[in-house]
$ cat structure_27.cif   # mmCIF, C-alpha atoms
data_run
#
loop_
_atom_site.label_atom_id
_atom_site.label_comp_id
_atom_site.auth_asym_id
_atom_site.auth_seq_id
_atom_site.Cartn_x
_atom_site.Cartn_y
_atom_site.Cartn_z
CA MET B 1 7.92 -14.34 8.54
CA ASP B 2 6.08 -12.02 10.89
CA ARG B 3 3.63 -14.15 12.82
CA ALA B 4 2.18 -11.29 14.84
CA GLU B 5 1.24 -9.25 11.76
CA LEU B 6 -0.14 -12.34 10.01
CA LEU B 7 -2.37 -13.13 13.00
CA GLU B 8 -3.41 -9.49 13.31
CA GLY B 9 -4.51 -9.56 9.68
CA LEU B 10 -6.43 -12.81 10.14
CA ARG B 11 -8.21 -11.36 13.17
CA ASP B 12 -9.13 -8.13 11.40
CA ALA B 13 -10.53 -9.91 8.33
CA ALA B 14 -12.45 -12.63 10.20
CA PRO B 15 -15.78 -10.72 10.57
CA ALA B 16 -15.92 -10.25 6.79
CA VAL B 17 -15.63 -13.97 6.02
CA PRO B 18 -19.26 -15.18 6.57
CA PRO B 19 -20.76 -12.69 4.08
CA LEU B 20 -18.12 -13.72 1.53
CA VAL B 21 -18.97 -17.41 2.02
CA THR B 22 -22.65 -16.62 1.44
CA GLY B 23 -21.84 -14.45 -1.58
CA GLY B 24 -19.71 -17.29 -2.92
CA MET B 25 -22.61 -19.72 -2.45
CA ILE B 26 -24.99 -17.44 -4.36
CA PHE B 27 -22.40 -17.22 -7.14
CA GLY B 28 -21.78 -20.98 -7.12
CA VAL B 29 -25.45 -21.99 -7.27
CA THR B 30 -26.24 -19.56 -10.07
CA ALA B 31 -23.00 -20.26 -11.94
CA VAL B 32 -23.75 -23.97 -12.42
CA GLN B 33 -27.29 -23.10 -13.49
CA THR B 34 -25.83 -20.67 -16.05
CA GLY B 35 -23.45 -23.24 -17.54
CA PHE B 36 -20.29 -23.22 -15.40
CA THR B 37 -18.98 -26.49 -13.98
CA PRO B 38 -18.28 -26.59 -10.21
CA LEU B 39 -14.54 -26.68 -11.05
CA SER B 40 -14.57 -23.65 -13.37
CA ALA B 41 -16.78 -21.62 -10.99
CA THR B 42 -14.54 -22.44 -8.01
CA LEU B 43 -11.31 -21.68 -9.87
CA LEU B 44 -12.74 -18.35 -11.04
CA SER B 45 -13.35 -17.35 -7.41
CA LEU B 46 -9.85 -18.51 -6.45
CA PHE B 47 -8.02 -16.84 -9.36
CA ALA B 48 -9.95 -13.60 -9.83
CA PHE B 49 -11.41 -13.19 -6.31
CA ALA B 50 -13.86 -10.64 -7.74
CA GLY B 51 -17.23 -11.62 -6.27
CA THR B 52 -19.21 -8.62 -7.46
CA ALA B 53 -17.82 -8.73 -10.99
CA GLN B 54 -18.39 -12.51 -11.11
CA LEU B 55 -22.06 -12.02 -10.18
CA ALA B 56 -22.34 -9.29 -12.82
CA ALA B 57 -20.98 -11.76 -15.38
CA LEU B 58 -23.75 -14.23 -14.46
CA GLU B 59 -26.46 -11.57 -14.65
CA LEU B 60 -25.25 -10.73 -18.18
CA LEU B 61 -24.72 -14.35 -19.31
CA GLU B 62 -28.28 -15.24 -18.32
CA ASP B 63 -29.44 -12.68 -20.86
CA GLY B 64 -27.14 -14.12 -23.52
CA ALA B 65 -24.31 -11.55 -23.39
CA VAL B 66 -21.12 -12.21 -25.38
CA VAL B 67 -17.62 -12.44 -23.90
CA HIS B 68 -16.45 -8.89 -24.61
CA VAL B 69 -19.56 -7.39 -22.98
CA VAL B 70 -18.94 -9.51 -19.88
CA LEU B 71 -15.26 -8.51 -19.75
CA GLY B 72 -16.09 -4.85 -20.37
CA THR B 73 -18.50 -4.88 -17.42
CA VAL B 74 -15.92 -6.65 -15.24
CA PHE B 75 -13.46 -3.91 -16.21
CA LEU B 76 -15.91 -1.15 -15.21
CA ILE B 77 -16.86 -2.73 -11.87
CA ASN B 78 -13.22 -3.41 -11.01
CA LEU B 79 -11.87 0.00 -12.12
CA ARG B 80 -11.91 0.91 -8.44
CA TYR B 81 -9.00 -1.50 -7.93
CA VAL B 82 -6.83 0.99 -9.83
CA VAL B 83 -7.65 3.57 -7.17
CA PHE B 84 -6.84 1.05 -4.41
CA SER B 85 -3.64 0.09 -6.22
CA ALA B 86 -2.55 3.72 -6.58
CA SER B 87 -3.27 4.46 -2.93
CA LEU B 88 -1.55 1.37 -1.55
CA ALA B 89 1.50 1.38 -3.84
CA PRO B 90 3.57 4.06 -2.04
CA LYS B 91 2.94 2.34 1.31
CA ILE B 92 4.43 -0.95 0.14
CA SER B 93 6.98 0.33 -2.38
CA HIS B 94 9.84 -1.08 -0.30
CA LEU B 95 8.57 -4.64 -0.79
CA SER B 96 10.26 -6.88 -3.37
CA ARG B 97 8.62 -7.51 -6.74
CA THR B 98 7.56 -11.01 -5.72
CA TRP B 99 5.95 -9.67 -2.56
CA ARG B 100 4.11 -7.00 -4.51
CA VAL B 101 2.73 -9.62 -6.93
CA VAL B 102 1.54 -11.63 -3.91
CA VAL B 103 -0.28 -8.72 -2.28
CA ALA B 104 -1.64 -7.24 -5.55
CA TYR B 105 -3.38 -10.47 -6.61
CA PRO B 106 -6.16 -10.49 -3.95
CA LEU B 107 -6.38 -6.70 -3.44
CA SER B 108 -10.07 -5.96 -2.97
CA ASP B 109 -12.45 -3.78 -0.99
CA ILE B 110 -12.09 -5.30 2.48
CA ASN B 111 -8.35 -6.01 2.67
CA TYR B 112 -7.65 -2.63 1.06
CA ALA B 113 -9.79 -0.78 3.62
CA LEU B 114 -8.15 -2.67 6.52
CA ALA B 115 -4.67 -1.93 5.16
CA GLU B 116 -5.46 1.78 4.77
CA VAL B 117 -6.34 1.91 8.47
CA ARG B 118 -3.43 -0.25 9.61
CA PHE B 119 -0.69 1.34 7.51
CA THR B 120 -1.23 4.87 8.73
CA ASP B 121 -0.01 3.64 12.09
CA ASP B 122 3.67 4.60 12.32
CA ASP B 123 4.37 1.84 14.85
CA ILE B 124 4.21 -0.82 12.19
CA ASP B 125 7.54 -1.77 10.72
CA GLU B 126 7.21 -1.29 6.98
CA GLY B 127 8.88 -4.62 6.34
CA HIS B 128 5.95 -6.41 7.98
CA ARG B 129 3.15 -4.89 5.92
CA GLY B 130 3.23 -7.73 3.41
CA TRP B 131 2.39 -10.23 6.14
CA TYR B 132 -0.53 -8.15 7.33
CA LEU B 133 -1.94 -8.12 3.78
CA VAL B 134 -1.45 -11.89 3.51
CA GLY B 135 -3.22 -12.32 6.85
CA THR B 136 -6.25 -10.29 5.73
CA SER B 137 -6.40 -11.80 2.25
CA VAL B 138 -6.12 -15.54 2.90
CA PRO B 139 -9.41 -15.93 4.86
CA LEU B 140 -11.25 -13.72 2.36
CA VAL B 141 -10.09 -15.63 -0.72
CA ALA B 142 -10.67 -18.95 1.07
CA GLY B 143 -14.18 -17.84 2.13
CA LEU B 144 -15.27 -16.89 -1.40
CA THR B 145 -13.70 -20.01 -2.91
CA VAL B 146 -15.15 -22.48 -0.38
CA GLY B 147 -18.53 -20.75 -0.60
CA THR B 148 -18.44 -21.04 -4.40
CA LEU B 149 -17.58 -24.75 -4.32
CA THR B 150 -20.35 -25.42 -1.77
CA GLY B 151 -22.88 -23.43 -3.78
CA ALA B 152 -21.83 -25.06 -7.06
CA LEU B 153 -22.27 -28.56 -5.62
CA LEU B 154 -25.64 -27.56 -4.09
CA GLY B 155 -26.66 -26.00 -7.39
CA ARG B 156 -26.42 -29.41 -9.02
CA VAL B 157 -29.05 -30.68 -6.56
CA ILE B 158 -31.31 -27.63 -6.19
CA GLY B 159 -33.85 -27.20 -8.97
CA GLU B 160 -34.27 -24.00 -10.97
CA GLY B 161 -37.82 -23.60 -9.61
CA LEU B 162 -36.52 -21.69 -6.56
CA HIS B 163 -35.72 -18.55 -8.62
CA LEU B 164 -32.22 -18.47 -7.13
CA ASP B 165 -31.01 -16.27 -10.02
CA PHE B 166 -32.97 -13.50 -8.27
CA ALA B 167 -30.45 -13.62 -5.41
CA VAL B 168 -27.86 -12.19 -7.84
CA THR B 169 -30.14 -9.25 -8.60
CA LEU B 170 -30.71 -8.77 -4.85
CA VAL B 171 -26.96 -8.57 -4.24
CA PHE B 172 -26.84 -5.65 -6.69
CA VAL B 173 -29.86 -4.01 -5.03
CA SER B 174 -28.03 -4.30 -1.71
CA LEU B 175 -24.72 -2.99 -3.09
CA LEU B 176 -26.54 -0.11 -4.74
CA ALA B 177 -28.27 0.91 -1.50
CA SER B 178 -24.95 0.79 0.37
CA GLN B 179 -23.20 2.98 -2.20
CA ILE B 180 -25.71 5.81 -2.38
CA GLU B 181 -23.89 8.05 0.05
CA GLU B 182 -24.61 11.41 -1.51
CA ARG B 183 -27.27 12.97 -3.68
CA ALA B 184 -25.06 12.92 -6.77
CA THR B 185 -24.67 9.12 -6.57
CA ALA B 186 -28.46 8.77 -6.34
CA VAL B 187 -28.85 10.91 -9.48
CA GLY B 188 -26.33 8.78 -11.39
CA ALA B 189 -27.93 5.51 -10.23
CA ALA B 190 -31.45 6.73 -11.11
CA ALA B 191 -30.26 7.62 -14.60
CA GLY B 192 -28.66 4.17 -14.81
CA VAL B 193 -31.97 2.52 -13.90
CA VAL B 194 -33.96 4.48 -16.51
CA VAL B 195 -31.48 4.14 -19.38
CA ALA B 196 -30.71 0.46 -18.73
CA THR B 197 -34.44 -0.38 -18.59
CA ALA B 198 -35.29 1.66 -21.69
CA GLY B 199 -32.31 0.26 -23.59
CA ALA B 200 -32.63 -3.37 -22.48
CA GLY B 201 -33.79 -4.46 -25.94
CA LEU B 202 -30.80 -2.97 -27.79
CA PRO B 203 -28.32 -5.40 -29.35
CA ALA B 204 -24.90 -6.17 -27.81
CA ASN B 205 -25.97 -4.82 -24.39
CA LEU B 206 -25.66 -1.27 -25.74
CA GLY B 207 -28.33 -0.26 -23.21
CA LEU B 208 -25.94 -1.16 -20.40
CA LEU B 209 -23.11 0.81 -21.98
CA ALA B 210 -25.37 3.84 -22.51
CA ALA B 211 -26.62 3.56 -18.92
CA VAL B 212 -23.09 3.48 -17.50
CA VAL B 213 -21.82 6.39 -19.62
CA LEU B 214 -24.87 8.61 -19.06
CA GLY B 215 -25.33 7.66 -15.40
CA THR B 216 -21.68 8.29 -14.54
CA ALA B 217 -21.64 11.59 -16.44
CA LEU B 218 -24.82 12.76 -14.71
CA GLY B 219 -23.45 11.69 -11.33
CA VAL B 220 -20.24 13.66 -11.86
CA LEU B 221 -22.18 16.72 -13.06
CA ALA B 222 -24.57 16.46 -10.10
CA ALA B 223 -21.62 16.27 -7.72
CA ARG B 224 -20.30 19.50 -9.21
CA GLN B 225 -23.74 21.04 -8.71
CA PHE B 226 -24.50 19.80 -5.19
CA GLY B 227 -21.06 19.30 -3.67
CA ARG B 228 -21.17 16.53 -1.10
CA THR B 229 -24.78 16.39 0.05
CA GLU B 230 -26.59 13.61 1.88
CA PRO B 231 -29.31 12.07 -0.29
CA MET R 232 -28.61 -22.52 -19.19
CA THR R 233 -28.45 -20.03 -22.05
CA SER R 234 -28.01 -21.08 -25.65
CA HIS R 235 -25.25 -18.54 -26.33
CA MET R 236 -23.16 -19.43 -23.27
CA PRO R 237 -19.52 -18.71 -24.18
CA ASN R 238 -16.75 -21.18 -23.28
CA VAL R 239 -16.43 -21.05 -19.49
CA TRP R 240 -12.64 -21.32 -19.52
CA VAL R 241 -12.43 -18.26 -21.79
CA LEU R 242 -14.53 -16.46 -19.19
CA VAL R 243 -12.39 -17.71 -16.28
CA ALA R 244 -9.17 -16.60 -18.03
CA GLY R 245 -10.62 -13.28 -19.24
CA ILE R 246 -12.18 -12.19 -15.94
CA THR R 247 -9.00 -13.18 -14.09
CA VAL R 248 -6.67 -11.30 -16.46
CA VAL R 249 -8.80 -8.12 -16.51
CA THR R 250 -9.17 -8.09 -12.71
CA LEU R 251 -5.53 -8.84 -11.88
CA ALA R 252 -4.28 -6.28 -14.41
CA LEU R 253 -6.35 -3.54 -12.73
CA ARG R 254 -5.00 -4.51 -9.30
CA ALA R 255 -1.41 -4.69 -10.53
CA THR R 256 -1.34 -1.25 -12.23
CA PHE R 257 0.20 0.90 -9.52
CA VAL R 258 1.37 -1.73 -7.04
CA LEU R 259 3.68 -3.18 -9.71
CA GLY R 260 4.14 -0.05 -11.82
CA ILE R 261 4.84 2.60 -9.21
CA GLU R 262 8.38 3.12 -10.56
CA TRP R 263 7.03 4.23 -13.95
CA LEU R 264 3.61 5.64 -13.23
CA ASP R 265 2.72 8.98 -11.72
CA GLY R 266 -0.33 8.94 -9.48
CA LEU R 267 -3.82 8.89 -10.89
CA PRO R 268 -4.94 12.23 -12.35
CA ALA R 269 -7.33 13.90 -9.90
CA SER R 270 -10.03 14.11 -12.57
CA VAL R 271 -9.95 10.33 -13.11
CA GLU R 272 -9.94 9.67 -9.38
CA ARG R 273 -13.07 11.80 -9.05
CA VAL R 274 -15.00 9.93 -11.75
CA ILE R 275 -14.20 6.30 -10.83
CA PRO R 276 -16.25 6.14 -7.58
CA PHE R 277 -19.40 7.00 -9.56
CA VAL R 278 -19.06 4.01 -11.89
CA PRO R 279 -19.89 1.02 -9.60
CA PRO R 280 -23.27 2.26 -8.26
CA VAL R 281 -24.40 3.09 -11.80
CA VAL R 282 -23.32 -0.36 -13.04
CA PHE R 283 -25.12 -2.06 -10.12
CA ALA R 284 -28.29 -0.06 -10.85
CA ALA R 285 -28.08 -0.82 -14.58
CA LEU R 286 -27.55 -4.55 -13.95
CA ALA R 287 -30.45 -4.90 -11.51
CA ALA R 288 -33.06 -2.64 -13.12
CA PRO R 289 -34.09 -4.49 -16.32
CA GLY R 290 -34.79 -7.73 -14.42
CA LEU R 291 -36.99 -5.85 -11.98
CA PHE R 292 -38.93 -3.50 -14.26
CA LEU R 293 -39.32 -5.65 -17.38
CA ILE R 294 -41.20 -8.89 -18.00
CA ASP R 295 -40.36 -10.46 -21.37
CA GLY R 296 -39.02 -7.11 -22.57
CA SER R 297 -42.08 -5.01 -21.70
CA LEU R 298 -42.37 -2.51 -18.87
CA ALA R 299 -44.34 -4.08 -16.00
CA LEU R 300 -45.03 -1.49 -13.29
CA ASP R 301 -47.96 -3.37 -11.77
CA PRO R 302 -48.50 -5.42 -8.59
CA GLY R 303 -48.46 -8.58 -10.68
CA ASN R 304 -44.68 -8.11 -11.15
CA GLU R 305 -43.41 -10.16 -8.20
CA ARG R 306 -39.72 -9.40 -8.84
CA LEU R 307 -40.33 -5.65 -8.80
CA LEU R 308 -42.22 -5.80 -5.49
CA ALA R 309 -39.63 -8.09 -3.88
CA GLY R 310 -36.78 -5.95 -5.25
CA LEU R 311 -38.26 -2.69 -3.95
CA LEU R 312 -38.81 -4.26 -0.53
CA ALA R 313 -35.20 -5.51 -0.59
CA PHE R 314 -33.96 -2.01 -1.45
CA VAL R 315 -35.80 -0.56 1.56
CA VAL R 316 -34.36 -3.31 3.79
CA ALA R 317 -30.85 -2.70 2.41
CA TRP R 318 -31.19 1.06 2.92
CA TYR R 319 -32.15 0.73 6.58
CA THR R 320 -30.14 -2.32 7.67
CA GLY R 321 -27.08 -2.09 5.41
CA ASN R 322 -26.93 -5.88 5.75
CA MET R 323 -26.55 -7.85 2.53
CA LEU R 324 -27.51 -11.23 3.99
CA VAL R 325 -30.72 -9.85 5.51
CA THR R 326 -31.48 -8.06 2.24
CA VAL R 327 -31.07 -11.18 0.11
CA GLY R 328 -33.02 -13.25 2.67
CA VAL R 329 -35.98 -10.86 2.81
CA GLY R 330 -36.00 -10.38 -0.98
CA MET R 331 -35.98 -14.11 -1.71
CA GLY R 332 -38.61 -14.77 0.96
CA ALA R 333 -40.83 -12.06 -0.50
CA LEU R 334 -40.46 -13.45 -4.03
CA TRP R 335 -41.28 -17.01 -2.94
CA LEU R 336 -44.33 -15.76 -0.98
CA LEU R 337 -45.59 -13.60 -3.88
CA VAL R 338 -45.12 -16.37 -6.46
CA TRP R 339 -46.84 -18.86 -4.17
CA LEU R 340 -49.82 -16.57 -3.35
#

$ encode --input "structure_27.cif" --output "structure tokens"
Amino acid sequence: MDRAELLEGLRDAAPAVPPLVTGGMIFGVTAVQTGFTPLSATLLSLFAFAGTAQLAALELLEDGAVVHVVLGTVFLINLRYVVFSASLAPKISHLSRTWRVVVAYPLSDINYALAEVRFTDDDIDEGHRGWYLVGTSVPLVAGLTVGTLTGALLGRVIGEGLHLDFAVTLVFVSLLASQIEERATAVGAAAGVVVATAGAGLPANLGLLAAVVLGTALGVLAARQFGRTEP
Amino acid sequence: MTSHMPNVWVLVAGITVVTLALRATFVLGIEWLDGLPASVERVIPFVPPVVFAALAAPGLFLIDGSLALDPGNERLLAGLLAFVVAWYTGNMLVTVGVGMGALWLLVWL
């Protein structure tokens, strides 16, 4: 065990923990009001550790979506993990299979970004990279899970009159604003807004599917047109 | 609670399996997989913002399925304010706080 790398990871991830706890609370409160039990909501955060996709599931379930629509949306939102996985894999290819299972399970935006920065440093012994990933991941997973449990227990007490489901929508508004980094992304998102709103009444959430396909296609085309331009 | 709510344990298992499979792809399969094709790698970053926009928009712009672009639509006003706050602060907690505060104020007024 490499204590120094573990502690370094814990230190680097610490600032990201409070937002995850809050995000977990928003998920927990809304999850129990949607039909999850505190136990199932908490275990979902612990097992999947996919806060954004979990909130998307709630947004869809509130509108009566069926399982395969929820899982399809989770797949789309989490497709970026394939990119993270592909980028990280060669940097930890020396690790044993067990180690790679351990570090793949919680791989998400924050610990991936920290690892990308840390692992370009040649000073780090490759054998210790697993411990750094464990150090960054443990507080993040714990934060989301504890936040979810807290929110789920609170959600049993808090009434539905506070419109707390709107907090889920606001998380997506916030994520959207943070991801519009170039004009092409704004074009894709705007198309997503129009198509999803126009198609909201279609059966089987086909409006969402149409919005994602058309919005992504327009975004990619716009990127070809504009290159990388600030919005 | 919705009337069509699927079994929660099916959801827990499904979301976990889908998510972990995506994370495992290359970390566990690097011996057999070549890298991601450049074309795929270019498209994937465009997907999340479109999904976020598509998830948020209907709840903001529609009331009971009809377009509601008027000041009586409290969620639209609060959501637009939240977007402006998110754009300038980049802080999710502040964004959610301001948005919820605005909604409560508008509903109460």

$ interface_residues --input "structure_27.cif" --of "chain B" --to "chain R" --cutoff "6 Å" --atoms "only C-alpha atoms" --output "compact mmCIF listing (two decimals) with C-alpha atoms, in the coordinates of the input"
# COMPACT_ATOMS: atom_id res chain seq x y z
CA GLN B 33 -27.29 -23.10 -13.49
CA THR B 34 -25.83 -20.67 -16.05
CA GLY B 35 -23.45 -23.24 -17.54
CA LEU B 44 -12.74 -18.35 -11.04
CA ALA B 48 -9.95 -13.60 -9.83
CA GLY B 64 -27.14 -14.12 -23.52
CA ILE B 77 -16.86 -2.73 -11.87
CA TYR B 81 -9.00 -1.50 -7.93
CA VAL B 82 -6.83 0.99 -9.83
CA SER B 85 -3.64 0.09 -6.22
CA ALA B 86 -2.55 3.72 -6.58
CA ALA B 89 1.50 1.38 -3.84
CA ALA B 104 -1.64 -7.24 -5.55
CA TYR B 105 -3.38 -10.47 -6.61
CA THR B 169 -30.14 -9.25 -8.60
CA LEU B 170 -30.71 -8.77 -4.85
CA PHE B 172 -26.84 -5.65 -6.69
CA VAL B 173 -29.86 -4.01 -5.03
CA SER B 174 -28.03 -4.30 -1.71
CA LEU B 176 -26.54 -0.11 -4.74
CA ALA B 177 -28.27 0.91 -1.50
CA ALA B 189 -27.93 5.51 -10.23
CA GLY B 192 -28.66 4.17 -14.81
CA VAL B 193 -31.97 2.52 -13.90
CA ALA B 196 -30.71 0.46 -18.73
CA THR B 197 -34.44 -0.38 -18.59
CA VAL B 212 -23.09 3.48 -17.50
CA GLY B 215 -25.33 7.66 -15.40
CA THR B 216 -21.68 8.29 -14.54

$ axis_aligned_box --input "structure_27.cif" --around "range 46-50 of chain B" --padding-each-side "3 Å" --output "lines of an AutoDock Vina configuration file"
center_x = -10.9
center_y = -14.6
center_z = -8.1
size_x = 11.8
size_y = 13.9
size_z = 9.5

$ closest_residue --input "structure_27.cif" --among "B:Val103, B:Leu76, B:Leu61, B:Arg97" --to "Val32 in chain B" --atoms "all atoms listed in the file"
B:Leu61

$ residues_around --input "structure_27.cif" --residues "Gly207 in chain B" --least-positions-apart "4" --cutoff "7 Å" --atoms "all atoms listed in the file" --output "tab-separated table (two decimals) with C-alpha atoms, in the frame of the given file"
chain	number	residue	atom	x	y	z
B	195	VAL	CA	-31.48	4.14	-19.38
B	196	ALA	CA	-30.71	0.46	-18.73
B	199	GLY	CA	-32.31	0.26	-23.59
B	200	ALA	CA	-32.63	-3.37	-22.48
B	202	LEU	CA	-30.80	-2.97	-27.79
B	211	ALA	CA	-26.62	3.56	-18.92

$ closest_residue --input "structure_27.cif" --among "B:Pro139, B:Gly130, B:Gly161, B:Gly227" --to "Arg11 in chain B" --atoms "all atoms listed in the file"
B:Pro139

$ atom_distance --input "structure_27.cif" --atom1 "CA of Phe119 in chain B" --atom2 "CA of Arg3 in chain B"
16.9 Å

$ resolve_selection --input "structure_27.cif" --expression "the PyMOL selection byres ((chain B and resi 14-19) around 12)" --output "PDB file with C-alpha atoms, keeping the file's coordinate frame"
ATOM      1  CA  LEU B   7      -2.370 -13.130  13.000  1.00  0.00           C
ATOM      2  CA  GLU B   8      -3.410  -9.490  13.310  1.00  0.00           C
ATOM      3  CA  GLY B   9      -4.510  -9.560   9.680  1.00  0.00           C
ATOM      4  CA  LEU B  10      -6.430 -12.810  10.140  1.00  0.00           C
ATOM      5  CA  ARG B  11      -8.210 -11.360  13.170  1.00  0.00           C
ATOM      6  CA  ASP B  12      -9.130  -8.130  11.400  1.00  0.00           C
ATOM      7  CA  ALA B  13     -10.530  -9.910   8.330  1.00  0.00           C
ATOM      8  CA  LEU B  20     -18.120 -13.720   1.530  1.00  0.00           C
ATOM      9  CA  VAL B  21     -18.970 -17.410   2.020  1.00  0.00           C
ATOM     10  CA  THR B  22     -22.650 -16.620   1.440  1.00  0.00           C
ATOM     11  CA  GLY B  23     -21.840 -14.450  -1.580  1.00  0.00           C
ATOM     12  CA  GLY B  24     -19.710 -17.290  -2.920  1.00  0.00           C
ATOM     13  CA  MET B  25     -22.610 -19.720  -2.450  1.00  0.00           C
ATOM     14  CA  ILE B  26     -24.990 -17.440  -4.360  1.00  0.00           C
ATOM     15  CA  GLY B  51     -17.230 -11.620  -6.270  1.00  0.00           C
ATOM     16  CA  ASP B 109     -12.450  -3.780  -0.990  1.00  0.00           C
ATOM     17  CA  ILE B 110     -12.090  -5.300   2.480  1.00  0.00           C
ATOM     18  CA  ASN B 111      -8.350  -6.010   2.670  1.00  0.00           C
ATOM     19  CA  ALA B 113      -9.790  -0.780   3.620  1.00  0.00           C
ATOM     20  CA  LEU B 114      -8.150  -2.670   6.520  1.00  0.00           C
ATOM     21  CA  GLY B 135      -3.220 -12.320   6.850  1.00  0.00           C
ATOM     22  CA  THR B 136      -6.250 -10.290   5.730  1.00  0.00           C
ATOM     23  CA  SER B 137      -6.400 -11.800   2.250  1.00  0.00           C
ATOM     24  CA  VAL B 138      -6.120 -15.540   2.900  1.00  0.00           C
ATOM     25  CA  PRO B 139      -9.410 -15.930   4.860  1.00  0.00           C
ATOM     26  CA  LEU B 140     -11.250 -13.720   2.360  1.00  0.00           C
ATOM     27  CA  VAL B 141     -10.090 -15.630  -0.720  1.00  0.00           C
ATOM     28  CA  ALA B 142     -10.670 -18.950   1.070  1.00  0.00           C
ATOM     29  CA  GLY B 143     -14.180 -17.840   2.130  1.00  0.00           C
ATOM     30  CA  LEU B 144     -15.270 -16.890  -1.400  1.00  0.00           C
ATOM     31  CA  THR B 145     -13.700 -20.010  -2.910  1.00  0.00           C
ATOM     32  CA  VAL B 146     -15.150 -22.480  -0.380  1.00  0.00           C
ATOM     33  CA  GLY B 147     -18.530 -20.750  -0.600  1.00  0.00           C
ATOM     34  CA  VAL B 171     -26.960  -8.570  -4.240  1.00  0.00           C
TER      35      VAL B 171
ATOM     36  CA  ASN R 322     -26.930  -5.880   5.750  1.00  0.00           C
ATOM     37  CA  MET R 323     -26.550  -7.850   2.530  1.00  0.00           C
ATOM     38  CA  LEU R 324     -27.510 -11.230   3.990  1.00  0.00           C
ATOM     39  CA  VAL R 325     -30.720  -9.850   5.510  1.00  0.00           C
ATOM     40  CA  THR R 326     -31.480  -8.060   2.240  1.00  0.00           C
ATOM     41  CA  VAL R 327     -31.070 -11.180   0.110  1.00  0.00           C
TER      42      VAL R 327
END

$ residues_around --input "structure_27.cif" --residues "Arg183 in chain B" --least-positions-apart "3" --cutoff "12 Å" --atoms "all atoms listed in the file" --output "VMD selection string"
(chain B and resid 179 to 180 186 to 190 218 to 231) or (chain R and resid 277)

$ atom_distance --input "structure_27.cif" --atom1 "CA of Ala184 in chain B" --atom2 "CA of Val213 in chain B"
14.8 Å

$ closest_residue --input "structure_27.cif" --among "B:Glu5, B:His163, B:Leu208, B:Phe75" --to "Ala115 in chain B" --atoms "all atoms listed in the file"
B:Glu5
